[in-house]
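*Asks:* mmCIF, C-alpha atoms and all ligand atoms, file final.cif:
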data_entry
#
loop_
_atom_site.label_atom_id
_atom_site.label_comp_id
_atom_site.auth_asym_id
_atom_site.auth_seq_id
_atom_site.Cartn_x
_atom_site.Cartn_y
_atom_site.Cartn_z
CA MET N 1 -56.89 -204.72 -70.08
CA SER N 2 -58.33 -201.37 -69.10
CA GLY N 3 -61.80 -200.22 -70.09
CA ASP N 4 -60.65 -196.65 -70.70
CA GLY N 5 -60.65 -195.46 -74.29
CA LEU N 6 -61.38 -198.75 -76.00
CA LEU N 7 -62.22 -198.54 -79.71
CA GLY N 8 -63.67 -200.98 -82.21
CA ARG N 9 -65.18 -201.31 -85.65
CA CYS N 10 -66.87 -203.68 -88.07
CA MET N 11 -65.04 -205.09 -91.08
CA CYS N 12 -66.19 -202.40 -93.54
CA GLY N 13 -65.83 -199.50 -91.09
CA ALA N 14 -69.44 -198.28 -91.43
CA VAL N 15 -69.94 -199.00 -87.72
CA THR N 16 -67.54 -197.94 -84.99
CA TRP N 17 -67.80 -198.03 -81.23
CA SER N 18 -65.94 -196.38 -78.37
CA TYR N 19 -66.06 -197.17 -74.68
CA SER N 20 -64.79 -195.66 -71.46
CA GLY N 21 -65.93 -197.44 -68.33
CA SER N 22 -65.48 -200.58 -66.33
CA ILE N 23 -65.28 -203.96 -68.05
CA THR N 24 -67.99 -206.06 -66.41
CA ARG N 25 -66.80 -209.34 -67.92
CA SER N 26 -64.29 -210.69 -70.36
CA LEU N 27 -65.28 -214.15 -71.44
CA VAL N 28 -65.25 -216.74 -74.17
CA CYS N 29 -68.63 -218.37 -74.86
CA TYR N 30 -69.07 -221.81 -76.44
CA CYS N 31 -72.88 -221.89 -76.47
CA ALA N 32 -74.74 -223.27 -79.46
CA ASP N 33 -76.48 -219.96 -80.19
CA CYS N 34 -73.18 -218.06 -80.36
CA GLN N 35 -71.72 -220.78 -82.58
CA ARG N 36 -74.63 -220.47 -84.99
CA ALA N 37 -74.81 -216.67 -84.87
CA THR N 38 -71.10 -216.13 -85.51
CA SER N 39 -70.43 -219.21 -87.72
CA SER N 40 -67.59 -219.93 -85.31
CA PRO N 41 -66.88 -222.48 -82.56
CA LEU N 42 -66.26 -219.82 -79.92
CA THR N 43 -67.08 -216.17 -79.36
CA ALA N 44 -65.05 -213.72 -77.26
CA PHE N 45 -67.00 -210.99 -75.47
CA LEU N 46 -66.36 -207.83 -73.49
CA GLY N 47 -69.06 -206.83 -71.01
CA PHE N 48 -69.70 -203.06 -71.01
CA ARG N 49 -72.07 -200.61 -69.33
CA PRO N 50 -74.48 -199.62 -72.14
CA GLU N 51 -74.65 -195.95 -71.10
CA GLN N 52 -70.86 -195.62 -71.49
CA LEU N 53 -70.74 -197.16 -74.95
CA THR N 54 -71.06 -194.97 -78.06
CA TRP N 55 -71.87 -196.23 -81.55
CA THR N 56 -71.54 -194.54 -84.93
CA GLY N 57 -73.20 -195.87 -88.08
CA GLU N 58 -76.27 -198.04 -88.55
CA VAL N 59 -76.54 -201.15 -86.40
CA ARG N 60 -79.29 -203.71 -86.82
CA HIS N 61 -80.13 -206.57 -84.53
CA TYR N 62 -81.64 -210.03 -84.69
CA GLU N 63 -83.72 -211.43 -81.81
CA SER N 64 -81.98 -214.78 -81.45
CA SER N 65 -84.17 -215.94 -78.56
CA PRO N 66 -86.98 -214.14 -76.71
CA GLY N 67 -85.48 -210.98 -75.20
CA ALA N 68 -81.98 -211.63 -76.57
CA PHE N 69 -80.63 -209.41 -79.34
CA ARG N 70 -77.55 -209.80 -81.52
CA GLY N 71 -76.36 -206.67 -83.28
CA PHE N 72 -74.60 -206.56 -86.62
CA CYS N 73 -73.49 -204.20 -89.37
CA PRO N 74 -76.04 -204.40 -92.21
CA ALA N 75 -73.39 -203.44 -94.76
CA CYS N 76 -70.77 -206.14 -94.05
CA GLY N 77 -72.47 -208.54 -91.64
CA THR N 78 -69.91 -208.25 -88.84
CA ARG N 79 -71.42 -209.31 -85.52
CA LEU N 80 -71.13 -206.53 -82.96
CA TYR N 81 -72.90 -207.35 -79.70
CA PHE N 82 -75.14 -209.59 -77.65
CA ARG N 83 -77.71 -208.05 -75.35
CA SER N 84 -80.40 -209.66 -73.19
CA LEU N 85 -83.34 -208.24 -71.28
CA LYS N 86 -82.23 -210.57 -68.49
CA TRP N 87 -79.04 -208.48 -68.12
CA PRO N 88 -80.24 -204.91 -68.71
CA THR N 89 -77.17 -203.28 -67.14
CA GLU N 90 -74.71 -204.92 -69.57
CA ILE N 91 -74.03 -205.19 -73.27
CA HIS N 92 -71.61 -207.81 -74.51
CA VAL N 93 -69.54 -206.53 -77.41
CA HIS N 94 -67.63 -208.96 -79.62
CA ALA N 95 -63.98 -208.68 -78.64
CA ALA N 96 -62.83 -209.45 -82.18
CA THR N 97 -64.18 -206.04 -83.24
CA LEU N 98 -61.60 -204.26 -81.07
CA THR N 99 -59.30 -202.01 -83.07
CA ASP N 100 -56.52 -204.02 -81.44
CA PRO N 101 -57.98 -207.54 -80.99
CA LYS N 102 -54.66 -208.85 -79.67
CA SER N 103 -55.06 -206.71 -76.55
CA TYR N 104 -58.01 -208.85 -75.44
CA GLN N 105 -57.55 -210.91 -72.28
CA PRO N 106 -60.39 -213.28 -71.37
CA ASP N 107 -60.68 -214.36 -67.76
CA ALA N 108 -63.48 -216.93 -68.06
CA GLN N 109 -64.88 -219.59 -70.40
CA VAL N 110 -68.60 -220.30 -70.25
CA LEU N 111 -71.05 -222.88 -71.58
CA VAL N 112 -68.15 -225.29 -71.94
CA ARG N 113 -70.68 -228.13 -72.06
CA SER N 114 -71.37 -226.99 -75.66
CA ARG N 115 -67.69 -226.69 -76.64
CA VAL N 116 -66.91 -228.49 -79.89
CA SER N 117 -64.44 -231.30 -79.27
CA TRP N 118 -62.17 -230.52 -82.22
CA LEU N 119 -60.92 -227.39 -80.45
CA ASP N 120 -59.01 -229.76 -78.16
CA MET N 121 -57.17 -231.17 -81.19
CA LEU N 122 -55.72 -227.85 -82.41
CA GLY N 123 -52.45 -228.23 -80.52
CA SER N 124 -51.63 -231.46 -82.38
CA ILE N 125 -52.75 -230.40 -85.89
CA PRO N 126 -50.01 -229.10 -88.24
CA SER N 127 -49.99 -225.30 -88.34
CA HIS N 128 -48.61 -222.89 -90.93
CA ASP N 129 -47.72 -219.19 -90.94
CA GLY N 130 -49.63 -218.83 -94.23
CA PHE N 131 -51.81 -221.24 -96.20
CA GLN N 132 -50.52 -224.80 -96.40
CA LEU N 133 -51.44 -225.08 -100.10
CA PRO N 134 -51.71 -222.54 -102.93
CA PRO N 135 -55.23 -221.80 -104.24
CA ALA N 136 -56.61 -224.59 -106.41
CA SER N 137 -56.39 -223.94 -110.12
CA THR N 138 -59.71 -223.34 -111.89
CA ALA N 139 -58.28 -224.41 -115.25
CA PRO N 140 -59.56 -227.79 -116.48
ZN ZN Y 201 -69.61 -203.06 -91.63
ZN ZN Y 202 -73.00 -217.74 -76.17
#
Could you show the structure in this file as structure tokens?
*Replies:*
Amino acid sequence: MSGDGLLGRCMCGAVTWSYSGSITRSLVCYCADCQRATSSPLTAFLGFRPEQLTWTGEVRHYESSPGAFRGFCPACGTRLYFRSLKWPTEIHVHAATLTDPKSYQPDAQVLVRSRVSWLDMLGSIPSHDGFQLPPASTAP
């Protein structure tokens, strides 16, 4: 994918981002901190040059380890980026916030030593276009 004219947003739309520049990395991370921070077994990132990334709306961040910051929308909680003082020339934006998430193309997987083993089972677990069961009734 090209890094020209990429757009993204949080779930509620209070935060948007736009980017025109080179994509420094396009990776899926399995590390324990990303799992905890995103409540998800894997996290897809796009590496951007911070000076070529523009945000609108209020973004807050959480310092998840010394010098590492994870940004989020305070209105809806959507995770937006990872940034570390160790890598000052990059910001890693969550690829799932792309306006068109299906356009994402990772080219690396990292911290696979922390990958949860049940991901390997997905290919053999029954899958459904919608939900496999209707919502449970709340009536006694
Ligand atoms: Zn939001
Ligand atoms: Zn990670």
*Asks:* Can I get the residues close to ligand ZN 202 (chain Y) as number ranges by chain, where close means within 12 Å and we count only C-alpha atoms and all ligand atoms?
*Replies:* N: 27-45, 64-65, 68-70, 81-84, 92-94, 109-115
*Asks:* Which residues sit within 10 Å of ligand ZN 201 (chain Y), counting all atoms listed in the file, listed as a ChimeraX atom specification?
*Replies:* /N:9-16,57-59,72-80
*Asks:* Tell me which of N:Gly21, N:Ser26, N:Asp4, N:Pro134 sits closest to N:Ala96, counting only C-alpha atoms.
*Replies:* N:Ser26
*Asks:* Out of N:Gly71, N:Glu90, N:Thr97, N:Leu85, which residue has the shortest atom-to-atom distance to N:Ser18 when counting only C-alpha atoms?
*Replies:* N:Thr97
*Asks:* Around all listed atoms of stretch 119-135 of chain N, padded 4 Å per side, what centre and edge lengths does the axis-aligned box have in Å to one decimal, as lines of an AutoDock Vina configuration file?
*Replies:*
center_x = -54.3
center_y = -225.1
center_z = -91.2
size_x = 21.2
size_y = 20.6
size_z = 34.1
*Asks:* Record the distance separating atom CA of N:Ser2 and atom CA of N:Ser103, expressed in Å with one decimal.
*Replies:*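 So the answer is 9.7 Å.
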*Asks:* I'd like to know which of N:Arg60, N:Arg25, N:Lys86, N:His128 is closest to N:Gly47, using only C-alpha atoms.
*Replies:*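 For N:Gly47, the nearest of the candidates is N:Arg25.
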*Asks:* So what do you get for atom CA of N:Gly8 versus atom CA of N:Val116, distance-wise?
*Replies:* 27.8 Å
*Asks:* Please measure the separation of atom CA of N:Ile125 and atom CA of N:Tyr104, giving the value in Å to one decimal.
*Replies:* 24.5 Å
*Asks:* Looking at N:Gly123, N:Gly5, N:Gly130, N:Pro106, which one is nearest to N:Thr54, with distances taken over only C-alpha atoms?
*Replies:*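 Among the listed residues, N:Gly5 lies closest to N:Thr54.
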*Asks:* Just checking: using all atoms listed in the file, which residue out of N:Phe48, N:Leu53, N:Leu7, N:Asp100 ends up closest to N:Trp87?
*Replies:*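 Using all atoms listed in the file, N:Trp87 sits closest to N:Phe48.
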